[in-house]
file target_8.csv (CSV, C-alpha atoms)
chain,number,residue,atom,x,y,z
A,190,MET,CA,-88.6,175.2,186.6
A,191,ARG,CA,-86.9,171.8,186.7
A,192,LYS,CA,-84.2,171.2,184.2
A,193,LYS,CA,-85.2,168.9,181.3
A,194,PRO,CA,-83.0,165.8,181.0
A,195,VAL,CA,-80.3,165.7,178.3
A,196,ILE,CA,-80.7,162.5,176.2
A,197,VAL,CA,-78.2,161.5,173.6
A,198,TYR,CA,-79.3,159.1,170.9
A,199,VAL,CA,-76.7,157.2,168.9
A,200,ALA,CA,-77.4,155.4,165.6
A,201,HIS,CA,-75.8,155.0,162.2
A,202,ASP,CA,-78.8,156.7,160.4
A,203,VAL,CA,-81.8,158.5,161.7
A,204,GLY,CA,-84.9,159.0,159.5
A,205,GLY,CA,-85.5,158.0,156.0
A,206,PRO,CA,-86.2,154.5,154.6
A,207,GLY,CA,-85.8,151.5,156.8
A,208,GLY,CA,-87.5,150.1,159.9
A,209,MET,CA,-84.9,151.2,162.5
A,210,GLU,CA,-84.6,154.7,160.9
A,211,LEU,CA,-88.4,155.1,161.0
A,212,HIS,CA,-88.5,153.9,164.6
A,213,LEU,CA,-86.0,156.6,165.6
A,214,GLU,CA,-87.7,159.3,163.7
A,215,GLU,CA,-91.1,158.6,165.3
A,216,VAL,CA,-89.7,158.5,168.8
A,217,ILE,CA,-87.4,161.5,168.4
A,218,GLN,CA,-90.1,163.7,166.9
A,219,ARG,CA,-92.1,163.2,170.1
A,220,LEU,CA,-89.2,163.1,172.5
A,221,LYS,CA,-87.7,166.5,171.4
A,222,ASN,CA,-90.6,168.4,172.9
A,223,GLU,CA,-89.9,167.2,176.4
A,224,CYS,CA,-86.1,166.7,176.6
A,225,GLU,CA,-82.9,168.3,175.4
A,226,LEU,CA,-82.1,166.0,172.6
A,227,ILE,CA,-78.7,165.3,171.0
A,228,VAL,CA,-78.4,162.9,168.1
A,229,VAL,CA,-75.1,161.4,167.2
A,230,SER,CA,-75.3,159.7,163.7
A,231,SER,CA,-73.8,159.7,160.2
A,232,SER,CA,-77.1,161.0,158.7
A,233,LEU,CA,-80.2,162.8,159.9
A,234,LYS,CA,-83.2,162.8,157.6
A,235,LEU,CA,-86.0,163.9,159.9
A,236,LYS,CA,-89.0,165.6,158.3
A,237,ASN,CA,-88.6,168.3,161.0
A,238,ALA,CA,-85.2,168.5,162.7
A,239,GLU,CA,-86.1,171.7,164.7
A,240,GLY,CA,-85.2,171.1,168.4
A,241,VAL,CA,-82.7,168.4,167.7
A,242,ARG,CA,-79.0,169.0,168.0
A,243,HIS,CA,-77.2,166.8,165.5
A,244,ILE,CA,-73.6,165.7,165.8
A,245,ARG,CA,-72.6,164.2,162.5
A,246,ILE,CA,-70.1,161.4,162.4
A,247,PRO,CA,-68.6,161.5,158.8
A,248,VAL,CA,-67.6,158.0,157.7
A,249,ILE,CA,-67.4,156.2,154.4
A,250,THR,CA,-70.5,154.1,153.5
A,251,ARG,CA,-68.6,151.3,151.7
A,252,PRO,CA,-67.3,148.8,152.5
A,253,VAL,CA,-69.7,148.1,155.4
A,254,PRO,CA,-67.1,146.5,157.8
A,255,VAL,CA,-64.9,149.6,157.5
A,256,ARG,CA,-67.9,151.9,158.1
A,257,LEU,CA,-68.9,150.0,161.3
A,258,ILE,CA,-65.4,150.2,162.7
A,259,LEU,CA,-64.9,153.9,161.9
A,260,PHE,CA,-68.3,154.9,163.3
A,261,SER,CA,-67.7,153.0,166.5
A,262,ILE,CA,-64.4,154.7,167.1
A,263,PHE,CA,-65.3,158.2,166.1
A,264,ALA,CA,-68.7,158.3,167.7
A,265,SER,CA,-67.4,156.8,171.0
A,266,LEU,CA,-64.7,159.5,171.2
A,267,ARG,CA,-67.2,162.3,170.5
A,268,ILE,CA,-69.7,161.0,173.1
A,269,VAL,CA,-67.0,161.2,175.8
A,270,PHE,CA,-67.3,165.0,175.7
A,271,LEU,CA,-71.1,165.2,175.9
A,272,LYS,CA,-72.8,166.0,179.2
A,273,ARG,CA,-75.9,163.9,179.4
A,274,ASP,CA,-78.4,162.3,181.7
A,275,ILE,CA,-79.1,159.3,179.4
A,276,LEU,CA,-77.2,157.7,176.6
A,277,HIS,CA,-79.4,155.6,174.3
A,278,THR,CA,-77.9,153.6,171.5
A,279,THR,CA,-79.5,151.7,168.6
A,280,GLY,CA,-77.7,148.4,168.8
A,281,ALA,CA,-74.1,147.6,170.0
A,282,ILE,CA,-72.4,150.4,168.0
A,283,VAL,CA,-70.2,152.4,170.5
A,284,PHE,CA,-67.9,151.5,173.4
A,285,ASN,CA,-69.3,154.0,175.9
A,286,ARG,CA,-71.3,153.0,179.0
A,287,ALA,CA,-75.0,153.6,178.2
A,288,GLU,CA,-78.2,153.6,180.1
A,289,PHE,CA,-80.2,152.0,177.2
A,290,SER,CA,-79.8,150.2,173.9
A,291,THR,CA,-82.7,149.3,171.6
A,292,VAL,CA,-82.1,146.0,170.0
A,293,HIS,CA,-83.8,145.5,166.6
A,294,PHE,CA,-81.7,142.5,165.6
A,295,CYS,CA,-79.7,140.1,167.7
A,296,HIS,CA,-76.9,138.7,165.5
A,297,ASP,CA,-76.1,135.9,168.0
A,298,GLY,CA,-79.8,135.0,168.0
A,299,TYR,CA,-79.9,135.0,164.2
A,300,LEU,CA,-77.0,132.6,164.0
A,301,GLN,CA,-78.6,130.3,166.6
A,302,ALA,CA,-81.9,130.3,164.7
A,303,VAL,CA,-80.8,130.1,161.1
A,304,GLY,CA,-77.1,129.3,161.0
A,305,ASN,CA,-74.5,130.9,158.8
A,306,THR,CA,-76.5,130.3,155.6
A,307,ARG,CA,-77.6,133.7,154.6
A,308,SER,CA,-77.1,134.3,150.9
A,309,GLU,CA,-78.7,135.9,147.9
A,310,LEU,CA,-79.2,134.4,144.4
A,311,ASN,CA,-76.2,135.2,142.2
A,312,GLN,CA,-74.5,137.0,145.1
A,313,SER,CA,-70.8,137.8,144.3
A,314,ILE,CA,-68.0,136.4,146.5
A,315,TRP,CA,-67.1,140.0,147.5
A,316,LYS,CA,-70.7,140.6,148.8
A,317,LYS,CA,-70.6,137.3,150.7
A,318,TRP,CA,-67.4,138.1,152.4
A,319,ASN,CA,-68.5,141.7,153.0
A,320,SER,CA,-71.6,140.4,154.8
A,321,ARG,CA,-69.7,137.8,156.8
A,322,ILE,CA,-67.1,140.2,158.1
A,323,ALA,CA,-69.7,142.8,158.9
A,324,GLY,CA,-71.7,140.1,160.8
A,325,GLY,CA,-68.5,139.1,162.7
A,326,ILE,CA,-67.9,142.7,163.8
A,327,ALA,CA,-71.5,143.1,164.9
A,328,ARG,CA,-71.4,139.9,167.0
A,329,SER,CA,-68.1,141.0,168.6
A,330,MET,CA,-69.6,144.3,169.5
A,331,GLU,CA,-72.6,142.6,171.0
A,332,LYS,CA,-70.4,140.5,173.3
A,333,LEU,CA,-68.5,143.6,174.4
A,334,VAL,CA,-71.4,146.0,174.8
A,335,TYR,CA,-74.4,143.8,176.0
A,336,ARG,CA,-73.3,143.5,179.6
A,337,PRO,CA,-75.2,145.1,182.5
A,338,GLU,CA,-72.1,146.9,183.7
A,339,ARG,CA,-71.7,148.5,180.3
A,340,THR,CA,-75.3,148.9,179.1
A,341,LYS,CA,-77.8,149.0,182.0
A,342,GLN,CA,-81.1,148.3,180.2
A,343,LEU,CA,-81.8,146.6,176.9
A,344,ILE,CA,-85.0,147.3,175.0
A,345,ALA,CA,-86.1,144.5,172.7
A,346,VAL,CA,-88.6,145.1,169.9
A,347,SER,CA,-90.3,141.8,170.4
A,348,LYS,CA,-90.6,138.9,172.8
A,349,ARG,CA,-88.4,136.8,170.6
A,350,VAL,CA,-85.6,139.3,170.7
A,351,LYS,CA,-85.8,139.3,174.5
A,352,ARG,CA,-85.6,135.5,174.6
A,353,GLU,CA,-82.5,135.7,172.4
A,354,LEU,CA,-80.8,138.3,174.5
A,355,LEU,CA,-81.5,136.4,177.7
A,356,ALA,CA,-80.0,133.3,176.2
A,357,ALA,CA,-76.9,135.0,174.8
A,358,PHE,CA,-76.0,137.7,177.4
A,359,PRO,CA,-75.8,138.0,181.2
A,360,TYR,CA,-79.0,140.0,181.8
A,361,GLN,CA,-81.8,139.3,184.2
A,362,GLU,CA,-85.5,139.2,183.1
A,363,GLN,CA,-86.2,142.7,184.5
A,364,GLU,CA,-83.2,144.2,182.8
A,365,ILE,CA,-84.7,143.7,179.3
A,366,ALA,CA,-87.9,145.5,178.4
A,367,VAL,CA,-90.1,144.8,175.4
A,368,ILE,CA,-91.3,147.8,173.4
A,369,PRO,CA,-92.7,146.9,170.0
A,370,ASN,CA,-92.5,149.2,167.0
A,371,GLY,CA,-95.6,151.2,166.1
A,372,VAL,CA,-97.7,151.9,163.0
A,373,ASP,CA,-99.3,155.0,161.6
A,374,LEU,CA,-103.0,154.0,161.5
A,375,GLY,CA,-103.9,157.0,159.4
A,376,ARG,CA,-101.4,156.1,156.7
A,377,PHE,CA,-101.9,152.3,156.7
A,378,LYS,CA,-105.7,151.7,156.6
A,379,PRO,CA,-108.3,149.7,154.8
A,380,CYS,CA,-109.5,151.3,151.6
A,381,THR,CA,-112.8,151.2,149.7
A,382,GLN,CA,-113.2,149.3,146.4
A,383,ALA,CA,-113.3,152.6,144.6
A,384,GLU,CA,-110.0,153.7,146.2
A,385,LYS,CA,-108.4,150.3,145.3
A,386,ILE,CA,-109.4,150.7,141.6
A,387,ALA,CA,-108.1,154.2,141.5
A,388,PHE,CA,-104.7,153.1,142.8
A,389,ARG,CA,-104.5,150.3,140.3
A,390,SER,CA,-105.4,152.6,137.5
A,391,GLN,CA,-102.7,155.0,138.7
A,392,TYR,CA,-100.0,152.3,138.5
A,393,GLY,CA,-101.3,150.7,135.3
A,394,LEU,CA,-102.6,147.5,136.9
A,395,ALA,CA,-105.6,145.4,136.0
A,396,GLU,CA,-108.7,146.5,137.9
A,397,SER,CA,-110.3,143.0,138.3
A,398,SER,CA,-107.2,141.0,139.2
A,399,THR,CA,-106.5,139.5,142.6
A,400,TYR,CA,-103.0,140.6,143.6
A,401,LEU,CA,-100.6,138.8,145.9
A,402,LEU,CA,-98.3,141.3,147.5
A,403,PHE,CA,-94.7,140.7,148.7
A,404,MET,CA,-92.9,143.7,150.2
A,405,GLY,CA,-89.4,144.1,151.6
A,406,GLY,CA,-85.7,143.6,150.8
A,407,ASP,CA,-83.3,140.7,151.6
A,408,TRP,CA,-85.5,138.5,149.3
A,409,SER,CA,-83.7,135.2,150.0
A,410,ARG,CA,-84.2,135.4,153.8
A,411,LYS,CA,-87.8,136.6,153.4
A,412,GLY,CA,-88.8,133.8,151.0
A,413,LEU,CA,-89.6,135.5,147.7
A,414,ASP,CA,-88.4,132.4,145.9
A,415,LEU,CA,-91.0,130.3,147.7
A,416,LEU,CA,-93.8,132.7,146.7
A,417,VAL,CA,-92.7,132.8,143.1
A,418,GLU,CA,-92.7,129.0,143.0
A,419,ALA,CA,-96.2,128.9,144.6
A,420,PHE,CA,-97.3,131.5,142.0
A,421,VAL,CA,-96.0,129.1,139.2
A,422,ILE,CA,-98.2,126.3,140.7
A,423,LEU,CA,-101.3,128.5,140.9
A,424,ALA,CA,-100.9,130.6,137.7
A,425,ASP,CA,-102.7,128.3,135.2
A,426,ARG,CA,-105.5,127.4,137.7
A,427,TYR,CA,-106.1,131.1,138.6
A,428,PRO,CA,-105.5,133.2,135.4
A,429,ASP,CA,-106.7,136.4,137.2
A,430,VAL,CA,-104.1,136.2,140.0
A,431,GLY,CA,-101.1,138.6,139.8
A,432,LEU,CA,-98.0,138.9,141.8
A,433,LEU,CA,-96.6,142.3,143.1
A,434,VAL,CA,-93.1,142.6,144.5
A,435,VAL,CA,-92.2,145.9,146.2
A,436,GLY,CA,-88.6,146.3,147.4
A,437,LYS,CA,-85.0,146.4,146.4
A,438,GLY,CA,-83.5,143.4,144.6
A,439,ASP,CA,-82.6,141.9,141.2
A,440,PRO,CA,-85.8,140.5,139.7
A,441,GLN,CA,-84.2,138.5,136.8
A,442,PRO,CA,-83.4,135.3,138.7
A,443,TYR,CA,-87.0,135.2,139.9
A,444,LEU,CA,-88.6,136.1,136.5
A,445,GLN,CA,-86.5,133.3,134.9
A,446,ARG,CA,-88.5,130.8,136.9
A,447,LEU,CA,-91.7,131.9,135.2
A,448,SER,CA,-92.9,130.9,131.7
A,449,GLU,CA,-93.3,133.7,129.2
A,450,SER,CA,-97.1,133.5,129.5
A,451,HIS,CA,-96.9,134.2,133.2
A,452,ARG,CA,-94.1,136.8,133.4
A,453,ASN,CA,-96.4,139.7,132.5
A,454,ARG,CA,-98.5,138.9,135.7
A,455,ALA,CA,-95.5,139.2,138.0
A,456,VAL,CA,-94.7,142.9,138.5
A,457,PHE,CA,-91.5,144.0,140.2
A,458,VAL,CA,-91.6,147.7,141.0
A,459,GLY,CA,-88.5,148.2,143.2
A,460,LYS,CA,-88.6,150.4,146.4
A,461,GLN,CA,-91.6,152.7,146.5
A,462,PRO,CA,-92.0,155.9,148.5
A,463,ARG,CA,-95.6,155.2,149.3
A,464,PRO,CA,-95.9,151.6,150.4
A,465,GLU,CA,-99.4,152.2,151.8
A,466,GLU,CA,-100.7,152.7,148.3
A,467,TRP,CA,-99.4,149.3,147.2
A,468,MET,CA,-101.0,147.7,150.2
A,469,ALA,CA,-104.3,149.5,149.4
A,470,LEU,CA,-104.4,148.1,145.9
A,471,SER,CA,-103.5,144.6,146.9
A,472,ASP,CA,-105.6,141.7,148.2
A,473,ILE,CA,-103.4,139.2,150.0
A,474,PHE,CA,-100.1,139.9,151.7
A,475,VAL,CA,-97.6,137.0,151.7
A,476,PHE,CA,-94.5,136.9,153.8
A,477,PRO,CA,-92.7,133.5,154.0
A,478,SER,CA,-89.7,134.8,155.9
A,479,SER,CA,-87.2,132.5,157.6
A,480,TYR,CA,-86.3,134.9,160.4
A,481,GLU,CA,-87.6,138.2,161.8
A,482,THR,CA,-87.3,140.1,165.0
A,483,PHE,CA,-90.2,142.5,164.6
A,484,SER,CA,-91.6,142.7,161.1
A,485,LEU,CA,-92.7,146.3,160.5
A,486,VAL,CA,-94.1,145.4,157.1
A,487,VAL,CA,-96.4,142.8,158.6
A,488,HIS,CA,-97.5,145.3,161.2
A,489,GLU,CA,-98.4,147.8,158.4
A,490,ALA,CA,-100.2,145.1,156.3
A,491,ALA,CA,-102.3,144.2,159.4
A,492,ALA,CA,-103.2,147.9,159.9
A,493,ALA,CA,-104.1,148.1,156.2
A,494,GLY,CA,-106.6,145.2,156.7
A,495,LEU,CA,-105.0,142.8,154.3
A,496,THR,CA,-105.4,139.0,154.5
A,497,ILE,CA,-102.0,138.0,155.7
A,498,PHE,CA,-100.1,134.7,155.0
A,499,THR,CA,-96.9,134.6,157.1
A,500,THR,CA,-94.5,132.2,158.7
A,501,GLU,CA,-94.6,132.2,162.5
A,502,VAL,CA,-91.3,134.0,163.1
A,503,GLY,CA,-90.0,136.5,165.6
A,504,GLY,CA,-92.3,139.4,166.4
A,505,ILE,CA,-95.0,138.3,164.0
A,506,GLU,CA,-96.4,135.9,166.6
A,507,ASP,CA,-96.8,139.0,168.8
A,508,LEU,CA,-99.1,140.5,166.1
A,509,ILE,CA,-100.9,137.6,164.3
A,510,ARG,CA,-102.8,134.7,165.8
A,511,ASP,CA,-103.2,131.8,163.4
A,512,GLY,CA,-106.8,131.6,162.0
A,513,GLN,CA,-107.9,134.7,163.8
A,514,ASP,CA,-105.9,137.6,162.4
A,515,GLY,CA,-104.1,135.8,159.6
A,516,ILE,CA,-102.8,132.4,158.4
A,517,TYR,CA,-99.5,130.8,159.4
A,518,ILE,CA,-97.7,129.0,156.6
A,519,GLU,CA,-94.8,126.6,156.2
A,520,ARG,CA,-91.7,127.6,154.2
A,521,ASP,CA,-92.6,125.2,151.4
A,522,SER,CA,-93.9,126.4,148.1
A,523,ARG,CA,-96.4,123.6,147.6
A,524,SER,CA,-98.0,124.0,151.0
A,525,LEU,CA,-98.0,127.7,150.4
A,526,ALA,CA,-99.8,127.3,147.1
A,527,GLU,CA,-102.4,125.0,148.7
A,528,ALA,CA,-103.0,127.5,151.5
A,529,LEU,CA,-103.4,130.4,149.0
A,530,ALA,CA,-105.8,128.3,146.9
A,531,GLN,CA,-108.2,128.0,149.8
A,532,VAL,CA,-108.5,131.7,150.0
A,533,LEU,CA,-108.7,132.2,146.3
A,534,GLU,CA,-111.6,129.8,146.2
A,535,GLN,CA,-113.4,131.5,149.1
A,536,PRO,CA,-112.2,135.1,149.3
A,537,GLN,CA,-115.3,136.3,151.3
A,538,ALA,CA,-114.7,133.7,154.0
A,539,TYR,CA,-111.2,135.0,154.7
A,540,ARG,CA,-111.8,138.7,154.4
A,541,GLN,CA,-112.7,138.9,158.1
A,542,LEU,CA,-109.1,138.0,158.9
A,543,GLY,CA,-107.9,141.4,157.6
A,544,THR,CA,-110.5,143.2,159.8
A,545,GLN,CA,-109.4,141.3,162.8
A,546,ALA,CA,-105.7,142.0,162.1
A,547,ARG,CA,-106.5,145.7,162.0
A,548,GLU,CA,-108.2,145.6,165.4
A,549,ARG,CA,-105.4,143.5,166.8
A,550,VAL,CA,-102.6,146.0,166.0
A,551,SER,CA,-104.6,149.2,166.5
A,552,PRO,CA,-103.3,149.8,170.1
A,553,LEU,CA,-99.6,149.5,168.9
A,554,THR,CA,-99.2,153.0,167.5
A,555,TRP,CA,-96.0,155.1,167.5
A,556,GLU,CA,-97.5,157.1,170.3
A,557,HIS,CA,-97.7,153.9,172.3
A,558,THR,CA,-94.0,153.1,171.5
A,559,TYR,CA,-93.1,156.6,172.7
A,560,ARG,CA,-95.0,156.5,175.9
A,561,GLU,CA,-93.4,153.2,176.8
A,562,MET,CA,-90.0,154.6,176.1
A,563,MET,CA,-90.7,157.7,178.3
A,564,GLY,CA,-91.7,155.4,181.1
A,565,GLN,CA,-88.4,153.6,180.9
A,566,TYR,CA,-86.5,157.0,181.1
A,567,GLN,CA,-88.6,158.2,184.0
A,568,ARG,CA,-87.9,155.0,186.0
A,569,MET,CA,-84.2,155.2,185.2
A,570,LEU,CA,-83.8,158.8,186.2
A,571,THR,CA,-85.8,158.6,189.4
A,572,THR,CA,-83.8,155.6,190.6
A,573,THR,CA,-80.3,157.0,189.7
A,574,GLN,CA,-78.5,158.7,192.5
A,575,ASN,CA,-78.7,162.6,192.5
A,576,ARG,CA,-80.8,162.6,189.3
A,577,GLY,CA,-84.3,161.8,190.6
A,578,GLY,CA,-85.5,165.4,190.8
A,579,ARG,CA,-84.3,166.7,187.4
A,580,PHE,CA,-86.7,165.0,185.0
A,581,GLU,CA,-89.5,167.3,183.8
A,582,TYR,CA,-92.0,164.7,182.7
A,583,VAL,CA,-95.1,165.8,180.8
A,584,ASN,CA,-98.1,163.5,180.4
A,585,ARG,CA,-99.0,164.1,176.7
A,586,GLU,CA,-102.4,162.5,177.2
A,587,THR,CA,-103.7,165.3,179.4

call {"tool": "encode", "arguments": {"input": "target_8.csv", "output": "structure tokens"}}
result
Amino acid sequence: MRKKPVIVYVAHDVGGPGGMELHLEEVIQRLKNECELIVVSSSLKLKNAEGVRHIRIPVITRPVPVRLILFSIFASLRIVFLKRDILHTTGAIVFNRAEFSTVHFCHDGYLQAVGNTRSELNQSIWKKWNSRIAGGIARSMEKLVYRPERTKQLIAVSKRVKRELLAAFPYQEQEIAVIPNGVDLGRFKPCTQAEKIAFRSQYGLAESSTYLLFMGGDWSRKGLDLLVEAFVILADRYPDVGLLVVGKGDPQPYLQRLSESHRNRAVFVGKQPRPEEWMALSDIFVFPSSYETFSLVVHEAAAAGLTIFTTEVGGIEDLIRDGQDGIYIERDSRSLAEALAQVLEQPQAYRQLGTQARERVSPLTWEHTYREMMGQYQRMLTTTQNRGGRFEYVNRET
């Protein structure tokens, strides 16, 4: 029997909440059946860790800049002693030469697109400096690590990320692959009216209201302030419309923008362990983000069959076509309110957008992500000297 390849995955955290963590869990759970898998990370929160060898890198979690530096040093030293066929990193986080790095966020690309203006409402000076220093470390690591002689192949999660990487780093077109994130179609799916009412009753929400849903963290970048302002414009005209905000953040600066008569219609519920239920009980998903690389939450909203209003930012244009699978909006509260009013006036006319969105993203499952990744490994191993015959590849579709 041919020997299975040894693949080392490196990331800060594997499994648990977060888009990158979920991506890693979905790929690793499939990959461990066909490879000898070693995970180097600070935490491992897989639902089933059987078949995975974990090497924990113990570092402090705060402040973030110190954590980044310590992890890079300790993980790099530990990797030196690991025999492997492939080293696959999540971002520019270690100094070792690697075969692959999956890029979920290009810091240089973000600065070029948005500038150094990222901030939160009422953010402390300490948090601002913490963010700036961490960003500076991340950009420095990108410049050091994202070179073909150090990292052979980059894997971008969207076409936008690939364009950013090609513009910022010395790679050729064929040296950067695009493999999008997936979605669990069984978990995120359209629901019946009876199911919607049941979920609303479970969470104490009005059965007959029309709910606008915002989901995610980093509220300033993702435009929650614009949605709240649009809600203020619409609230008197549409007394049955409510606003749901799911995700981590301080609601007070946003609630203060609402009159007392409207505040009880804006519900902030924090992070939720079952986001699919909040999508199931909602009607319209609104996401006026200023910058994305691949928005997993828009992917999930599309799979859930929601009517989607979103800005045309990175990765989203790979999923949504304006007027066919959703509606593209400007980052302006008044134009957002006008666009939402059209749907609120004619809800039946726009319901088909959710059906089309579901069909559009249905091929982009986690199984698809995994198969594309396996294809990259197979090509790398079969073209690397003295390794071509060691890869025991199994076609999981047969």

call {"tool": "atom_distance", "arguments": {"input": "target_8.csv", "atom1": "CA of Arg549 (chain A)", "atom2": "CA of Asp373 (chain A)"}}
result
14.0 Å

call {"tool": "atom_distance", "arguments": {"input": "target_8.csv", "atom1": "CA of Asp429 (chain A)", "atom2": "CA of Ser397 (chain A)"}}
result
7.6 Å

call {"tool": "residues_around", "arguments": {"input": "target_8.csv", "residues": "Leu259 (chain A)", "least_positions_apart": "6", "cutoff": "12 Å", "atoms": "all atoms listed in the file", "output": "ChimeraX atom specification"}}
result
/A:201,231,246-253,265-266,282-283,326

call {"tool": "closest_residue", "arguments": {"input": "target_8.csv", "among": "A:Ser329, A:Asn453, A:Gln391, A:Asn222", "to": "Pro194 (chain A)", "atoms": "only C-alpha atoms"}}
result
A:Asn222

call {"tool": "residues_around", "arguments": {"input": "target_8.csv", "residues": "Val421 (chain A)", "least_positions_apart": "3", "cutoff": "10 Å", "atoms": "all atoms listed in the file", "output": "PyMOL selection string"}}
result
chain A and resi 415-418+424-426+446-448+451-452+522+526

call {"tool": "closest_residue", "arguments": {"input": "target_8.csv", "among": "A:Val435, A:Leu276, A:Leu495, A:Val334", "to": "Arg463 (chain A)", "atoms": "only C-alpha atoms"}}
result
A:Val435

call {"tool": "closest_residue", "arguments": {"input": "target_8.csv", "among": "A:Pro464, A:Gly503, A:Gly412, A:Pro359", "to": "Arg520 (chain A)", "atoms": "only C-alpha atoms"}}
result
A:Gly412

call {"tool": "atom_distance", "arguments": {"input": "target_8.csv", "atom1": "CA of Glu396 (chain A)", "atom2": "CA of Gln382 (chain A)"}}
result
10.0 Å

call {"tool": "residues_near_point", "arguments": {"input": "target_8.csv", "point": "(-76.7, 141.9, 169.7)", "cutoff": "7 Å", "atoms": "all atoms listed in the file", "output": "list in words"}}
result
Gly280, Ala281, Val292, Phe294, Cys295, His296, Asp297, Arg328, Glu331 and Tyr335 of chain A

call {"tool": "closest_residue", "arguments": {"input": "target_8.csv", "among": "A:Gln441, A:Gln301, A:Gln537, A:Gln342", "to": "Ala356 (chain A)", "atoms": "only C-alpha atoms"}}
result
A:Gln301

call {"tool": "closest_residue", "arguments": {"input": "target_8.csv", "among": "A:Arg349, A:Lys332, A:His243, A:Lys192", "to": "Glu501 (chain A)", "atoms": "all atoms listed in the file"}}
result
A:Arg349

call {"tool": "closest_residue", "arguments": {"input": "target_8.csv", "among": "A:Thr279, A:Ser450, A:Gln545, A:Ser479", "to": "His212 (chain A)", "atoms": "all atoms listed in the file"}}
result
A:Thr279

call {"tool": "residues_around", "arguments": {"input": "target_8.csv", "residues": "Lys385 (chain A)", "least_positions_apart": "4", "cutoff": "8 Å", "atoms": "all atoms listed in the file", "output": "MDAnalysis selection string"}}
result
chainID A and resid 380:381 389 469:471

call {"tool": "residues_around", "arguments": {"input": "target_8.csv", "residues": "Glu519 (chain A)", "least_positions_apart": "2", "cutoff": "8 Å", "atoms": "all atoms listed in the file", "output": "number ranges by chain"}}
result
A: 477, 500, 517, 521, 524-525

call {"tool": "residues_around", "arguments": {"input": "target_8.csv", "residues": "Val346 (chain A)", "least_positions_apart": "4", "cutoff": "7 Å", "atoms": "only C-alpha atoms", "output": "PDB file with C-alpha atoms, in the frame of the given file"}}
result
ATOM      1  CA  VAL A 292     -82.100 146.000 170.000  1.00  0.00           C
ATOM      2  CA  HIS A 293     -83.800 145.500 166.600  1.00  0.00           C
ATOM      3  CA  VAL A 350     -85.600 139.300 170.700  1.00  0.00           C
ATOM      4  CA  VAL A 367     -90.100 144.800 175.400  1.00  0.00           C
ATOM      5  CA  ILE A 368     -91.300 147.800 173.400  1.00  0.00           C
ATOM      6  CA  PRO A 369     -92.700 146.900 170.000  1.00  0.00           C
ATOM      7  CA  ASN A 370     -92.500 149.200 167.000  1.00  0.00           C
ATOM      8  CA  PHE A 483     -90.200 142.500 164.600  1.00  0.00           C
TER       9      PHE A 483
END
